[in-house]
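This report refers to the structure that appears directly beneath it.
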Amino acid sequence: MIVELGHFALVLALALSIVQSVLPILGARRNDDQMMAVAVPAAFTVLALVAISFAALTSANVLSDFSVQNVFENSHSQKPLLYKFTGVWGNHEGSMLLWVLILSFFTALVAFFGNNLPPSLKANVLGVQAWVGTAFLTFIIATSNPFARLNPAPVEGRDLNPILQDIGLAIHPPLLYLGYVGFSVCFSFAVAALIDGRIDAAWARWVRPWTLVAWTFLTGGIAMGSYWAYYELGWGGWWFWDPVENASFMPWLAGTALLHSALVMEKRSALKIWTVLLAILTFSLSLLGTFLVRSGVLTSVHTFATDPGRGLFILAILVIFIGGSLALFAWRAQSLAPGGLFQPISREGALVLNNLFLTTAAATVLIGTLYPLLLEFLTGEKISVGAPFFNLTFGPLMIPLLAAVPFGPLMAWKRGDLLAVAQRLMTAFLGALLVVAAVLYQTSASGVLAAFGIGLAVWLMLGALTDLALKAGIGKASLKVAFQRLIGLPRSVFGTAFAHLGLGVTLLGIVATTTFATESVLVMKPGESIRAGGYTLRFDQIEPFKGSNFSEEQGRFTVLSDEGQPVTSLMAAKRFFPVRNMQTTEAGIRTFAFSQLYVALGDAAADGGIVVRIWWKPLVTLIWLGTVFMMAGGCLSLLDRRLRVGAPAKGKAALMQSAKIRVAPAKNRVSQ
């Protein structure tokens, strides 16, 4: 009964979403307040209905109701309870339902916090959100019904894909979808503004918080996915330029550009047309990522669907939304005012440079991801575009961008002084130069590229701290006054500094682990030892272990100091899932400060030993610690009072008092 209720709620959500997609936009065209008012209750009701549907599917998974085909194909009665919950979105049908749940959640947030929006813009935004919701609800019901029944009901399920039975999958997909779908709000604002034919700085102020939210979640989702692949797949790498990894990275690059261009539009009323286009392109790249994962055109550990019919359906959605929005943009762009002017040497100019490199980098990743697919479609020839291509094309684009990052926050609006900013950054530059010299001294000529990369990372970090120090007046005012100024700075200033600092921390981790990591592959027997990263790793024993739905062979290791004293122990394993008849590698990892010792077991050798792969990865955890700083920067910027969304409406008395205060300036402006 609960399953049927969930299916019925999904159908009702589709019907109501169709109403929401038509009436408010029609009301905005006719200036009909009653028709526009339909959008808000419709958005809340659709969210409630989709939430009921999602809860019903979760209940079926937790109760192991194998009469539901989705549960039968992706669950097992002996599966741990946590993975019964996370298994809800560990498959195509459930993940798409989560996608729609998050979409309806964001739509309801716009309805709730959008009281300060013009009624017509709000109605159009909620209507466009409903267009997206209608498309994906139709897709789920028509091709990916998560509530399809089996008769007779099987006694046992086929279990969830073993590599998805991990705590990382409880966090990674929701974060990623919050980022993907969050950009739908920016898309809806852009399309709504194009429908109205009116875009101004206030529009940018409404869009920027939603961009920040989506960007922050997408940053976390990509980082969590990277760390999950690092420790779960047993390969020792943190990024493979996998097409599905690229599918999430492209909207992040475009979203970062959108975040900066929206700032220019809000502050200087410039880059209006470009900002609207970026809002469309960012969500378009999110939809493209959905297509790549769900269509079956890619083979990856991340992909779920292999049904060509589903792929064609999503491709149709892609064509309609991307093609339709770009056509609307082309039609309306000529009537939009281009915005204010500024000098190339200015903060606006720095942010335009940022946009240029970010969008070019996104285009490079897009070409490298889609070219093999297009070539195979046109000629039947299969090729792979891997890390060498992306390293040679993406890396050179990032170097000048990263070098220019510290200049941006210190530049003045409209017209800046490059020489003056360079003088303010001299301390940061000298600090980075000293680090480069120290690395070269330790590594000689072999470490030139590493020294340059580490110096660039330190330049970013010191540049971010310099920005805070200069704005607080450190060195020019007393310590007490400087501290008071520091804590009084707008939260967005701290947000920018934290994000740029995090970028430097991540770059430091990338350069250090890429350049100085060591790897050993050998056959080991119990009692044998090997040196790794200043420690001695001793292989103690292999012992069997039986889990709830798996069995494994555990390799026990002891980490010894130079004096031969035990420092810690670790366990690596080869795990076997009998229901799926699949084997997974469970890496053994120990963290020392910011570095890690990483051990993965291979196959058994003929002489009774076992193949062991051992990595020493210096500063590898900084890769993900930096993303935490970036997310903290996004959250701090959202706390800035200038970015509050849906501020409470003023009371009548406050409005009258405000009118008395502002009437004289208003008259003066009219006379001028």
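The chains in the structure tokens are called A, B, ... from first to last as shown; in each chain the residues are counted from 1, and the ligands are counted from 1 in the order shown.
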
Neighbours of Gly527 in chain A within 7 Å (only C-alpha atoms; same-chain residues fewer than 6 positions away dropped), as a list of chain:residue names? A:Arg538, A:Phe539, A:Asp540

Write out the residues from the selection above, keeping C-alpha atoms, as a PDB file, in the first residue's frame.
ATOM      1  CA  ARG A 538      55.845  -4.799   8.493  1.00  0.00           C
ATOM      2  CA  PHE A 539      53.428  -7.365   7.073  1.00  0.00           C
ATOM      3  CA  ASP A 540      52.122  -9.365  10.053  1.00  0.00           C
TER       4      ASP A 540
END

Excluding same-chain residues fewer than 5 positions from Leu126 in chain A, what lies within 9 Å of it counting only C-alpha atoms, as a ChimeraX atom specification? /A:20-21,24-25,39-40,43,107-108,110-111,121,131,185,188-189,192

For those residues, write C-alpha atoms to a file as a PDB file, in the first residue's frame.
ATOM      1  CA  GLN A  20       2.677  25.384 -11.961  1.00  0.00           C
ATOM      2  CA  SER A  21       4.549  25.531 -15.256  1.00  0.00           C
ATOM      3  CA  PRO A  24       2.038  31.610 -13.176  1.00  0.00           C
ATOM      4  CA  ILE A  25       3.827  32.470 -16.435  1.00  0.00           C
ATOM      5  CA  ALA A  39       2.987  29.326  -8.048  1.00  0.00           C
ATOM      6  CA  VAL A  40       3.772  29.432  -4.314  1.00  0.00           C
ATOM      7  CA  ALA A  43       5.668  24.671  -5.281  1.00  0.00           C
ATOM      8  CA  THR A 107      11.772  25.530  -5.966  1.00  0.00           C
ATOM      9  CA  ALA A 108      10.043  25.677  -2.592  1.00  0.00           C
ATOM     10  CA  VAL A 110      12.559  30.257  -3.939  1.00  0.00           C
ATOM     11  CA  ALA A 111       8.845  30.418  -3.160  1.00  0.00           C
ATOM     12  CA  LEU A 121       9.742  37.725 -11.873  1.00  0.00           C
ATOM     13  CA  TRP A 131       9.227  23.241 -16.565  1.00  0.00           C
ATOM     14  CA  VAL A 185      17.573  28.332  -9.880  1.00  0.00           C
ATOM     15  CA  SER A 188      15.325  29.897 -14.063  1.00  0.00           C
ATOM     16  CA  PHE A 189      16.228  33.444 -13.034  1.00  0.00           C
ATOM     17  CA  ALA A 192      12.596  34.524 -16.381  1.00  0.00           C
TER      18      ALA A 192
END

Best match for closeness to Leu507 in chain A among A:Leu468, A:Leu430, A:Ala605, A:Ala457, counting only C-alpha atoms: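 The answer is A:Ala457, which sits nearest to Leu507 in chain A.
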
Filtered DSSP result for range 445-539 of chain A, state strand (DSSP E or B), as a VMD selection string: chain A and resid 474 477 518 to 524 529 to 532 535 to 539

Keeping N, CA and C atoms, export the residues of the selection given above as a PDB file, in the first residue's frame.
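That gives us again20.pdb:
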ATOM      1  N   ILE A 474      46.302  46.096   9.422  1.00  0.00           N
ATOM      2  CA  ILE A 474      47.389  45.528  10.224  1.00  0.00           C
ATOM      3  C   ILE A 474      48.712  46.126   9.777  1.00  0.00           C
ATOM      4  N   ALA A 477      47.704  50.402  11.988  1.00  0.00           N
ATOM      5  CA  ALA A 477      46.953  50.790  13.180  1.00  0.00           C
ATOM      6  C   ALA A 477      47.416  49.916  14.343  1.00  0.00           C
ATOM      7  N   THR A 518      55.724   8.273  -3.457  1.00  0.00           N
ATOM      8  CA  THR A 518      56.493   7.082  -3.816  1.00  0.00           C
ATOM      9  C   THR A 518      55.553   5.888  -3.873  1.00  0.00           C
ATOM     10  N   GLU A 519      55.874   4.932  -4.725  1.00  0.00           N
ATOM     11  CA  GLU A 519      55.041   3.738  -4.897  1.00  0.00           C
ATOM     12  C   GLU A 519      55.931   2.506  -4.949  1.00  0.00           C
ATOM     13  N   SER A 520      55.507   1.466  -4.259  1.00  0.00           N
ATOM     14  CA  SER A 520      56.207   0.180  -4.288  1.00  0.00           C
ATOM     15  C   SER A 520      55.189  -0.914  -4.539  1.00  0.00           C
ATOM     16  N   VAL A 521      55.514  -1.822  -5.453  1.00  0.00           N
ATOM     17  CA  VAL A 521      54.669  -2.991  -5.742  1.00  0.00           C
ATOM     18  C   VAL A 521      55.548  -4.229  -5.582  1.00  0.00           C
ATOM     19  N   LEU A 522      55.192  -5.084  -4.643  1.00  0.00           N
ATOM     20  CA  LEU A 522      56.023  -6.255  -4.376  1.00  0.00           C
ATOM     21  C   LEU A 522      55.191  -7.373  -3.768  1.00  0.00           C
ATOM     22  N   VAL A 523      55.768  -8.577  -3.789  1.00  0.00           N
ATOM     23  CA  VAL A 523      55.146  -9.739  -3.145  1.00  0.00           C
ATOM     24  C   VAL A 523      55.700  -9.831  -1.731  1.00  0.00           C
ATOM     25  N   MET A 524      54.811  -9.855  -0.751  1.00  0.00           N
ATOM     26  CA  MET A 524      55.232  -9.907   0.640  1.00  0.00           C
ATOM     27  C   MET A 524      54.660 -11.141   1.329  1.00  0.00           C
ATOM     28  N   SER A 529      59.294  -6.790   5.721  1.00  0.00           N
ATOM     29  CA  SER A 529      59.134  -5.349   5.932  1.00  0.00           C
ATOM     30  C   SER A 529      59.621  -4.575   4.718  1.00  0.00           C
ATOM     31  N   ILE A 530      59.203  -3.316   4.635  1.00  0.00           N
ATOM     32  CA  ILE A 530      59.648  -2.415   3.573  1.00  0.00           C
ATOM     33  C   ILE A 530      59.604  -0.990   4.103  1.00  0.00           C
ATOM     34  N   ARG A 531      60.503  -0.136   3.624  1.00  0.00           N
ATOM     35  CA  ARG A 531      60.532   1.264   4.009  1.00  0.00           C
ATOM     36  C   ARG A 531      59.551   2.060   3.152  1.00  0.00           C
ATOM     37  N   ALA A 532      58.828   2.981   3.787  1.00  0.00           N
ATOM     38  CA  ALA A 532      57.878   3.828   3.054  1.00  0.00           C
ATOM     39  C   ALA A 532      57.694   5.129   3.817  1.00  0.00           C
ATOM     40  N   TYR A 535      59.048   5.536   7.394  1.00  0.00           N
ATOM     41  CA  TYR A 535      58.600   4.514   8.325  1.00  0.00           C
ATOM     42  C   TYR A 535      58.929   3.137   7.753  1.00  0.00           C
ATOM     43  N   THR A 536      58.863   2.137   8.618  1.00  0.00           N
ATOM     44  CA  THR A 536      59.006   0.743   8.195  1.00  0.00           C
ATOM     45  C   THR A 536      57.645   0.070   8.309  1.00  0.00           C
ATOM     46  N   LEU A 537      57.206  -0.535   7.222  1.00  0.00           N
ATOM     47  CA  LEU A 537      55.913  -1.214   7.197  1.00  0.00           C
ATOM     48  C   LEU A 537      56.164  -2.717   7.255  1.00  0.00           C
ATOM     49  N   ARG A 538      55.665  -3.352   8.313  1.00  0.00           N
ATOM     50  CA  ARG A 538      55.845  -4.799   8.493  1.00  0.00           C
ATOM     51  C   ARG A 538      54.531  -5.526   8.241  1.00  0.00           C
ATOM     52  N   PHE A 539      54.594  -6.535   7.371  1.00  0.00           N
ATOM     53  CA  PHE A 539      53.428  -7.365   7.073  1.00  0.00           C
ATOM     54  C   PHE A 539      53.337  -8.446   8.143  1.00  0.00           C
TER      55      PHE A 539
END

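Considering only C-alpha atoms, the residue among A:Gln334, A:Leu397, A:Ser64, A:Thr134 positioned nearest to Leu16 in chain A is A:Thr134.
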